[in-house]
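Visitor: Structure supplied as run_39.cif; contents: mmCIF, C-alpha atoms.
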data_query
#
loop_
_atom_site.label_atom_id
_atom_site.label_comp_id
_atom_site.auth_asym_id
_atom_site.auth_seq_id
_atom_site.Cartn_x
_atom_site.Cartn_y
_atom_site.Cartn_z
CA MET A 173 9.14 -68.74 26.58
CA ALA A 174 11.48 -65.89 25.91
CA TRP A 175 11.92 -63.13 28.43
CA PHE A 176 12.80 -59.62 27.36
CA LYS A 177 14.12 -56.73 29.37
CA ARG A 178 14.35 -53.12 28.29
CA SER A 179 17.79 -51.70 28.53
CA THR A 180 16.29 -48.21 29.08
CA ASP A 181 12.89 -46.87 30.02
CA ASN A 182 11.21 -45.28 27.02
CA ILE A 183 8.64 -43.60 29.26
CA LYS A 184 10.03 -41.96 32.31
CA SER A 185 7.58 -41.37 35.14
CA ASP A 186 9.25 -38.10 36.01
CA SER A 187 8.34 -36.73 32.62
CA LEU A 188 4.65 -37.12 33.48
CA LYS A 189 4.90 -34.97 36.55
CA LYS A 190 4.21 -31.30 36.25
CA ASP A 191 4.86 -28.77 38.92
CA THR A 192 1.57 -27.36 40.20
CA PRO A 193 1.93 -24.17 42.23
CA ASP A 194 0.24 -24.09 45.62
CA GLY A 195 -3.12 -22.36 45.78
CA ILE A 196 -4.16 -23.11 42.19
CA TRP A 197 -6.97 -25.49 43.19
CA THR A 198 -9.57 -25.58 45.92
CA LYS A 199 -11.87 -28.40 47.00
CA CYS A 200 -15.58 -28.00 47.60
CA PRO A 201 -16.40 -29.28 51.11
CA ASP A 202 -19.93 -30.21 50.02
CA CYS A 203 -19.47 -32.25 46.82
CA ASN A 204 -15.64 -32.72 46.89
CA ASP A 205 -15.29 -31.29 43.40
CA VAL A 206 -11.89 -29.75 42.69
CA ILE A 207 -12.16 -26.22 41.33
CA HIS A 208 -9.52 -24.10 39.62
CA LYS A 209 -8.89 -20.93 41.62
CA LYS A 210 -9.55 -18.56 38.71
CA GLN A 211 -12.84 -20.30 37.90
CA TRP A 212 -13.74 -20.25 41.60
CA GLU A 213 -13.08 -16.52 41.91
CA ALA A 214 -14.92 -15.74 38.67
CA ASN A 215 -17.93 -17.64 40.05
CA LEU A 216 -17.92 -15.45 43.20
CA TYR A 217 -16.51 -18.24 45.39
CA VAL A 218 -19.43 -20.55 44.65
CA CYS A 219 -18.98 -24.18 43.57
CA SER A 220 -20.03 -24.41 39.91
CA LYS A 221 -21.04 -28.06 40.36
CA CYS A 222 -23.25 -28.06 43.47
CA GLY A 223 -23.75 -24.35 44.23
CA TYR A 224 -22.03 -24.44 47.61
CA HIS A 225 -21.37 -20.87 48.78
CA PHE A 226 -17.90 -20.63 50.29
CA ARG A 227 -17.52 -18.24 53.19
CA ILE A 228 -16.09 -14.86 52.18
CA GLY A 229 -15.29 -11.75 54.19
CA SER A 230 -16.30 -8.12 54.25
CA GLU A 231 -13.80 -6.97 51.63
CA LYS A 232 -15.20 -9.32 48.99
CA TYR A 233 -18.82 -8.54 49.88
CA PHE A 234 -18.14 -4.81 49.58
CA GLN A 235 -16.55 -5.40 46.17
CA LEU A 236 -19.53 -7.51 45.11
CA LEU A 237 -22.32 -5.24 46.34
CA LEU A 238 -21.08 -1.65 46.35
CA ASP A 239 -20.43 0.71 43.48
CA GLU A 240 -16.69 1.01 42.87
CA GLY A 241 -15.02 3.60 45.09
CA SER A 242 -18.20 4.42 47.04
CA PHE A 243 -17.37 2.75 50.39
CA ARG A 244 -16.43 5.04 53.27
CA GLU A 245 -15.56 3.13 56.43
CA LEU A 246 -16.72 4.20 59.88
CA ASP A 247 -14.89 3.63 63.18
CA ARG A 248 -12.23 1.53 61.45
CA LYS A 249 -9.71 1.17 64.29
CA MET A 250 -12.12 0.59 67.16
CA LYS A 251 -10.97 -2.53 69.02
CA SER A 252 -11.83 -4.47 72.16
CA ILE A 253 -10.20 -4.08 75.55
CA ASP A 254 -10.05 -6.88 78.13
CA PRO A 255 -12.56 -5.99 80.87
CA LEU A 256 -12.39 -9.43 82.51
CA ASN A 257 -8.61 -10.08 82.22
CA PHE A 258 -9.69 -13.23 80.41
CA SER A 259 -7.27 -16.00 79.49
CA ASP A 260 -7.81 -19.44 77.98
CA THR A 261 -5.04 -20.92 75.84
CA LYS A 262 -3.69 -17.38 75.62
CA PRO A 263 -4.61 -14.01 77.16
CA TYR A 264 -7.50 -12.27 75.42
CA VAL A 265 -5.37 -9.18 74.77
CA LYS A 266 -2.82 -11.37 73.00
CA ARG A 267 -5.55 -13.13 71.00
CA ILE A 268 -6.89 -9.77 69.82
CA GLU A 269 -3.41 -8.58 68.80
CA ASP A 270 -2.63 -11.83 66.95
CA THR A 271 -5.95 -11.76 65.08
CA ILE A 272 -5.48 -8.12 64.06
CA ASN A 273 -2.01 -8.95 62.71
CA LYS A 274 -3.27 -12.06 60.91
CA THR A 275 -6.42 -10.63 59.32
CA GLY A 276 -5.73 -6.91 59.03
CA LEU A 277 -9.10 -6.36 60.74
CA TYR A 278 -9.67 -4.65 64.08
CA ASP A 279 -12.78 -6.62 65.03
CA ALA A 280 -15.45 -8.92 63.62
CA ILE A 281 -17.45 -6.27 61.75
CA ARG A 282 -16.74 -3.41 59.37
CA THR A 283 -19.25 -0.63 58.89
CA GLY A 284 -19.56 2.35 56.60
CA THR A 285 -21.54 4.13 53.93
CA GLY A 286 -21.67 3.31 50.25
CA LYS A 287 -23.84 3.10 47.16
CA ILE A 288 -25.61 0.18 45.49
CA ASN A 289 -26.37 1.13 41.88
CA ASN A 290 -26.20 4.79 42.96
CA ILE A 291 -28.53 4.29 45.96
CA ASP A 292 -27.01 5.56 49.22
CA ILE A 293 -26.89 3.04 52.08
CA VAL A 294 -25.29 2.38 55.45
CA ILE A 295 -23.72 -1.08 55.52
CA GLY A 296 -22.11 -3.45 57.99
CA CYS A 297 -20.48 -6.77 57.21
CA MET A 298 -19.13 -9.36 59.64
CA ASP A 299 -15.88 -11.27 59.19
CA PHE A 300 -15.92 -14.85 60.47
CA ASP A 301 -12.11 -14.96 60.35
CA PHE A 302 -12.00 -12.60 63.33
CA ILE A 303 -12.50 -14.97 66.29
CA GLY A 304 -15.36 -16.78 64.55
CA GLY A 305 -17.29 -13.58 63.85
CA SER A 306 -18.07 -13.46 67.55
CA MET A 307 -20.09 -10.55 68.88
CA GLY A 308 -18.39 -8.55 71.60
CA SER A 309 -18.61 -4.96 72.76
CA VAL A 310 -17.03 -3.54 69.60
CA VAL A 311 -19.44 -5.36 67.28
CA GLY A 312 -22.38 -4.08 69.31
CA GLU A 313 -21.04 -0.54 69.42
CA LYS A 314 -20.23 -0.39 65.71
CA ILE A 315 -23.69 -1.69 64.79
CA SER A 316 -25.21 0.86 67.18
CA ARG A 317 -23.24 3.70 65.57
CA ALA A 318 -24.16 2.47 62.07
CA ILE A 319 -27.81 2.61 63.09
CA ASP A 320 -27.32 6.18 64.36
CA LYS A 321 -25.74 7.02 61.00
CA ALA A 322 -28.72 5.55 59.15
CA ILE A 323 -31.12 7.57 61.32
CA LYS A 324 -29.16 10.78 60.71
CA THR A 325 -28.82 10.33 56.94
CA LYS A 326 -32.10 8.44 56.36
CA TYR A 327 -30.09 5.92 54.33
CA PRO A 328 -31.35 2.29 54.40
CA LEU A 329 -29.30 -0.02 56.64
CA ILE A 330 -27.90 -3.34 55.40
CA ILE A 331 -26.06 -5.80 57.67
CA LEU A 332 -24.46 -9.03 56.46
CA SER A 333 -24.08 -11.51 59.31
CA SER A 334 -21.58 -14.32 59.69
CA SER A 335 -21.18 -15.21 63.33
CA GLY A 336 -20.67 -18.00 65.80
CA GLY A 337 -22.46 -15.99 68.49
CA ALA A 338 -21.52 -13.96 71.55
CA ARG A 339 -17.82 -13.64 72.44
CA MET A 340 -17.23 -15.63 75.62
CA MET A 341 -14.06 -13.67 76.47
CA GLU A 342 -16.23 -10.66 77.30
CA GLY A 343 -18.84 -12.56 79.33
CA ALA A 344 -22.02 -10.65 80.23
CA ILE A 345 -20.77 -7.56 78.39
CA SER A 346 -21.03 -9.55 75.18
CA LEU A 347 -24.57 -10.68 76.02
CA MET A 348 -25.58 -7.05 76.63
CA GLN A 349 -24.99 -6.36 72.93
CA LEU A 350 -28.13 -8.35 72.07
CA ALA A 351 -30.31 -5.87 73.95
CA LYS A 352 -28.27 -2.90 72.77
CA THR A 353 -28.55 -3.67 69.06
CA SER A 354 -32.22 -4.74 69.31
CA THR A 355 -33.11 -1.50 71.09
CA GLN A 356 -31.30 0.54 68.46
CA LEU A 357 -33.15 -1.27 65.67
CA ALA A 358 -36.46 -0.49 67.38
CA LYS A 359 -35.40 3.16 67.33
CA LEU A 360 -34.51 2.85 63.63
CA SER A 361 -37.99 1.48 62.96
CA GLN A 362 -39.58 4.45 64.74
CA TYR A 363 -37.76 6.74 62.32
CA LYS A 364 -39.09 4.59 59.46
CA VAL A 365 -35.62 3.85 58.08
CA PRO A 366 -35.55 0.45 56.30
CA TYR A 367 -33.28 -2.35 57.50
CA ILE A 368 -32.28 -5.32 55.33
CA SER A 369 -30.57 -8.25 57.06
CA ILE A 370 -28.50 -10.72 55.03
CA LEU A 371 -27.69 -14.02 56.72
CA THR A 372 -24.68 -15.96 55.48
CA ASN A 373 -23.16 -19.24 56.63
CA PRO A 374 -23.15 -19.43 59.63
CA THR A 375 -25.42 -17.01 61.48
CA THR A 376 -25.86 -18.43 64.96
CA GLY A 377 -26.01 -17.68 68.67
CA GLY A 378 -26.36 -14.08 69.84
CA ALA A 379 -26.32 -12.68 66.29
CA SER A 380 -29.36 -14.72 65.23
CA ALA A 381 -31.02 -13.94 68.59
CA SER A 382 -30.80 -10.20 67.98
CA TYR A 383 -30.08 -7.96 64.99
CA ALA A 384 -29.66 -10.68 62.34
CA MET A 385 -33.32 -11.76 62.47
CA LEU A 386 -34.88 -8.31 62.95
CA GLY A 387 -34.74 -7.04 59.39
CA ASP A 388 -37.68 -5.53 57.55
CA PHE A 389 -36.44 -8.01 54.97
CA ASN A 390 -34.44 -11.09 55.97
CA ILE A 391 -32.39 -12.56 53.13
CA ALA A 392 -30.18 -15.66 53.25
CA GLU A 393 -27.62 -17.25 50.98
CA PRO A 394 -28.47 -20.83 49.91
CA ASN A 395 -27.93 -23.55 52.53
CA ALA A 396 -26.65 -21.10 55.15
CA LEU A 397 -26.73 -22.40 58.72
CA ILE A 398 -29.14 -20.15 60.65
CA ALA A 399 -29.68 -21.10 64.27
CA PHE A 400 -29.34 -20.21 67.92
CA ALA A 401 -27.77 -23.48 69.08
CA GLY A 402 -26.24 -25.66 66.36
CA PRO A 403 -27.86 -28.92 65.21
CA ARG A 404 -25.35 -31.09 67.10
CA VAL A 405 -26.20 -29.35 70.38
CA VAL A 406 -29.96 -29.54 69.68
CA LYS A 407 -29.72 -33.26 68.94
CA GLN A 408 -27.77 -33.90 72.13
CA ALA A 409 -30.29 -31.90 74.18
CA THR A 410 -33.41 -33.51 72.69
CA GLY A 411 -32.06 -36.99 72.04
CA LYS A 412 -33.97 -37.04 68.75
CA ASP A 413 -32.99 -37.23 65.10
CA LEU A 414 -33.44 -33.90 63.36
CA PRO A 415 -35.40 -33.31 60.13
CA PRO A 416 -33.43 -33.21 56.87
CA GLY A 417 -31.90 -29.78 56.29
CA PHE A 418 -32.64 -28.69 59.86
CA GLN A 419 -31.63 -25.05 60.49
CA ARG A 420 -30.49 -24.50 56.93
CA ALA A 421 -31.77 -21.46 55.04
CA GLU A 422 -34.36 -23.42 53.06
CA PHE A 423 -35.76 -25.03 56.23
CA VAL A 424 -35.85 -21.67 58.01
CA GLN A 425 -37.63 -20.02 55.07
CA GLU A 426 -40.19 -22.83 54.96
CA HIS A 427 -40.98 -22.07 58.61
CA GLY A 428 -41.47 -18.36 57.98
CA PHE A 429 -38.32 -16.68 59.31
CA ILE A 430 -36.65 -15.84 55.99
CA ASP A 431 -38.20 -13.76 53.20
CA PHE A 432 -35.82 -14.62 50.35
CA ILE A 433 -33.00 -17.01 49.57
CA VAL A 434 -30.74 -15.33 47.03
CA GLU A 435 -27.69 -16.71 45.28
CA ARG A 436 -24.59 -14.57 45.64
CA LYS A 437 -24.51 -13.64 41.96
CA ASP A 438 -28.04 -12.20 42.25
CA LEU A 439 -27.59 -10.41 45.57
CA LYS A 440 -26.80 -6.94 44.24
CA SER A 441 -29.72 -6.95 41.80
CA LYS A 442 -32.12 -8.20 44.51
CA LEU A 443 -30.97 -5.47 46.89
CA THR A 444 -31.37 -2.86 44.15
CA GLN A 445 -34.90 -4.08 43.54
CA LEU A 446 -35.79 -3.89 47.25
CA LEU A 447 -34.15 -0.50 47.75
CA ASN A 448 -36.08 0.94 44.80
CA LEU A 449 -39.33 -0.48 46.21
CA ILE A 450 -38.85 1.07 49.65
CA LYS A 451 -37.59 4.49 48.56
CA ASP A 452 -39.69 7.41 49.77
#
Would you give me this structure, written as structure tokens?
Guide:
Amino acid sequence: MAWFKRSTDNIKSDSLKKDTPDGIWTKCPDCNDVIHKKQWEANLYVCSKCGYHFRIGSEKYFQLLLDEGSFRELDRKMKSIDPLNFSDTKPYVKRIEDTINKTGLYDAIRTGTGKINNIDIVIGCMDFDFIGGSMGSVVGEKISRAIDKAIKTKYPLIILSSSGGARMMEGAISLMQLAKTSTQLAKLSQYKVPYISILTNPTTGGASASYAMLGDFNIAEPNALIAFAGPRVVKQATGKDLPPGFQRAEFVQEHGFIDFIVERKDLKSKLTQLLNLIKD
């Protein structure tokens, strides 16, 4: 048997490698499909294969929902103080400063006025990137002021929630925001100003126990986690296996707490439809 050896490699492995810039691809955490960034953005940050809705922040929601150039922000630079001198891995004051520098946000919600297909509204949108969208004194105060604005202008109120719950660094002050926002929404109802609540993934803890579930219409994005305590905590407390899809938007709707589940691409048209229905 003759043995042959190439003197040179005709196919060089290096020639098969192509430089791929960072940030060109993203991976869906639900189905593991790899998505090109441009396709992902064009599809409103939704997986084109399985429909998984990636978490997005207030800036992208405002761009998606509001007429171009119509947003006017309220109380933009309001930020938390440290009433308890709280410190865990770092002082609370330092955590606030670092998060402001990292995100460009001053707290976990932005509020303002705007238009949806030329319909005036008051809007608030939470940002999970700001300490897990946790609800502290600033979130409660900004929601309260947005409600006052809606009462004064008679514009419908829309709040998009994305929250891990009350902010532990503010202790009981954070828990007081549940009563504060709920009381303000009762006042809004007395003035017969409509309130539409949009629940995104996740909406949990103090947010779901107060303003997020008190809408005249409660809307959720597909498969959003909507709960008070998360499924892992519930399972540990009860010692029982949970039903399939427990605490996901579809399960919550089936049990009567959600009116509509709306895909992100249809959200503006659904809101327009509702706002036209409830106009005086």
Visitor: Write out as a PyMOL selection string each polymer residue whose atoms come within 9 Å of Asp254 (chain A), counting all atoms listed in the file; drop sequence neighbours fewer than 6 positions from it.
Guide: chain A and resi 264-265+341-342
Visitor: Please provide as an NGL selection string all residues within 7 Å of region 317-326 of chain A, with the sequence filter that same-chain residues fewer than 3 positions apart are discarded (counting all atoms listed in the file).
Guide: :A and (283 or 294 or 313-314 or 329 or 356 or 360 or 363 or 365)
Visitor: Taking 6 positions as the minimum chain separation for residues in the same chain, which residues sit within 7 Å of region 400-412 of chain A when counting only C-alpha atoms? Answer as a PyMOL selection string.
Guide: chain A and resi 376-377+380-381
Visitor: Could you jot down the CA of Ala338 (chain A) to CA of Leu371 (chain A) separation for me, Å, one decimal place?
Guide: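 About the pair CA of Ala338 (chain A) and CA of Leu371 (chain A): they are 16.1 Å apart.
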Visitor: Please write as a list in words the list of polymer residues whose atoms come within 6 Å of (-15.9, 1.4, 60.5), counting only C-alpha atoms and keeping to the coordinates of the file.
Guide: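 The requested residues, written out, are Glu245, Leu246, Asp247, Arg248, Arg282, Thr283 and Gly284 of chain A.
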Visitor: Taking all atoms listed in the file into account, which of A:Glu422, A:Asp413, A:Asp239, A:Glu393 comes nearest Asn289 (chain A)?
Guide: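 So, comparing all the options, the nearest one is A:Asp239.
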Visitor: Given only C-alpha atoms as the basis, pick out the residue of A:Phe243, A:Phe418, A:Phe226, A:Phe258 nearest to Lys199 (chain A).
Guide: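 For Lys199 (chain A), the nearest of the given residues is A:Phe226.
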Visitor: Suppose you want the space between CA of Ala384 (chain A) and CA of Pro328 (chain A); what is it in Å?
Guide: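 So the answer is 15.3 Å.
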Visitor: Could you write out as a list in words the residues that the PyMOL selection byres ((chain A and resi 333) around 6) matches in the shown file?
Guide: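 Selected by the PyMOL selection byres ((chain A and resi 333) around 6) in this file: Met298, Leu332, Ser334, Leu371 and Thr372 of chain A.
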Visitor: So that I can see what lies close to Phe432 (chain A), please list as a ChimeraX atom specification the residues with an atom at most 7 Å from it, counting only C-alpha atoms and leaving out residues fewer than 6 positions away in the same chain.
Guide: /A:390-392
Visitor: Go ahead and compute the interatomic distance for CA of Ser230 (chain A) and CA of Ser316 (chain A), in Å to one decimal.
Guide: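 About the pair CA of Ser230 (chain A) and CA of Ser316 (chain A): they are 18.1 Å apart.
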Visitor: Could you spell out the hits of the PyMOL selection byres ((chain A and resi 306) around 8) on the shown file, as an mmCIF file with C-alpha atoms, in the frame of the given file?
Guide:
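Final file, selection16.cif:
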data_model
loop_
_atom_site.group_PDB
_atom_site.id
_atom_site.type_symbol
_atom_site.label_atom_id
_atom_site.label_comp_id
_atom_site.auth_asym_id
_atom_site.auth_seq_id
_atom_site.Cartn_x
_atom_site.Cartn_y
_atom_site.Cartn_z
ATOM 1 C CA ALA A 280 -15.450 -8.920 63.620
ATOM 2 C CA PHE A 300 -15.920 -14.850 60.470
ATOM 3 C CA PHE A 302 -12.000 -12.600 63.330
ATOM 4 C CA ILE A 303 -12.500 -14.970 66.290
ATOM 5 C CA GLY A 304 -15.360 -16.780 64.550
ATOM 6 C CA GLY A 305 -17.290 -13.580 63.850
ATOM 7 C CA MET A 307 -20.090 -10.550 68.880
ATOM 8 C CA GLY A 308 -18.390 -8.550 71.600
ATOM 9 C CA SER A 335 -21.180 -15.210 63.330
ATOM 10 C CA GLY A 336 -20.670 -18.000 65.800
ATOM 11 C CA GLY A 337 -22.460 -15.990 68.490
ATOM 12 C CA ALA A 338 -21.520 -13.960 71.550
ATOM 13 C CA ARG A 339 -17.820 -13.640 72.440
#
Visitor: Take the PyMOL selection byres ((chain A and resi 238) around 12), run it mentally on this structure, and tell me the resulting residues as a ChimeraX atom specification.
Guide: /A:230-237,239-244,284-296,330,439-441,443-444
Visitor: Keeping only C-alpha atoms, write the selected residues as a CSV table (one decimal), in the frame of the given file.
Guide:
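Final output, again.csv:
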chain,number,residue,atom,x,y,z
A,230,SER,CA,-16.3,-8.1,54.2
A,231,GLU,CA,-13.8,-7.0,51.6
A,232,LYS,CA,-15.2,-9.3,49.0
A,233,TYR,CA,-18.8,-8.5,49.9
A,234,PHE,CA,-18.1,-4.8,49.6
A,235,GLN,CA,-16.6,-5.4,46.2
A,236,LEU,CA,-19.5,-7.5,45.1
A,237,LEU,CA,-22.3,-5.2,46.3
A,239,ASP,CA,-20.4,0.7,43.5
A,240,GLU,CA,-16.7,1.0,42.9
A,241,GLY,CA,-15.0,3.6,45.1
A,242,SER,CA,-18.2,4.4,47.0
A,243,PHE,CA,-17.4,2.8,50.4
A,244,ARG,CA,-16.4,5.0,53.3
A,284,GLY,CA,-19.6,2.4,56.6
A,285,THR,CA,-21.5,4.1,53.9
A,286,GLY,CA,-21.7,3.3,50.2
A,287,LYS,CA,-23.8,3.1,47.2
A,288,ILE,CA,-25.6,0.2,45.5
A,289,ASN,CA,-26.4,1.1,41.9
A,290,ASN,CA,-26.2,4.8,43.0
A,291,ILE,CA,-28.5,4.3,46.0
A,292,ASP,CA,-27.0,5.6,49.2
A,293,ILE,CA,-26.9,3.0,52.1
A,294,VAL,CA,-25.3,2.4,55.4
A,295,ILE,CA,-23.7,-1.1,55.5
A,296,GLY,CA,-22.1,-3.4,58.0
A,330,ILE,CA,-27.9,-3.3,55.4
A,439,LEU,CA,-27.6,-10.4,45.6
A,440,LYS,CA,-26.8,-6.9,44.2
A,441,SER,CA,-29.7,-7.0,41.8
A,443,LEU,CA,-31.0,-5.5,46.9
A,444,THR,CA,-31.4,-2.9,44.2
Visitor: Could you work out an axis-aligned box for region 379-393 of chain A, taking every atom the file lists and adding 4 Å on each side, and report centre and edge lengths in Å to one decimal, as AutoDock Vina command-line options?
Guide:
--center_x -32.0 --center_y -11.4 --center_z 59.8 --size_x 19.4 --size_y 19.7 --size_z 25.6
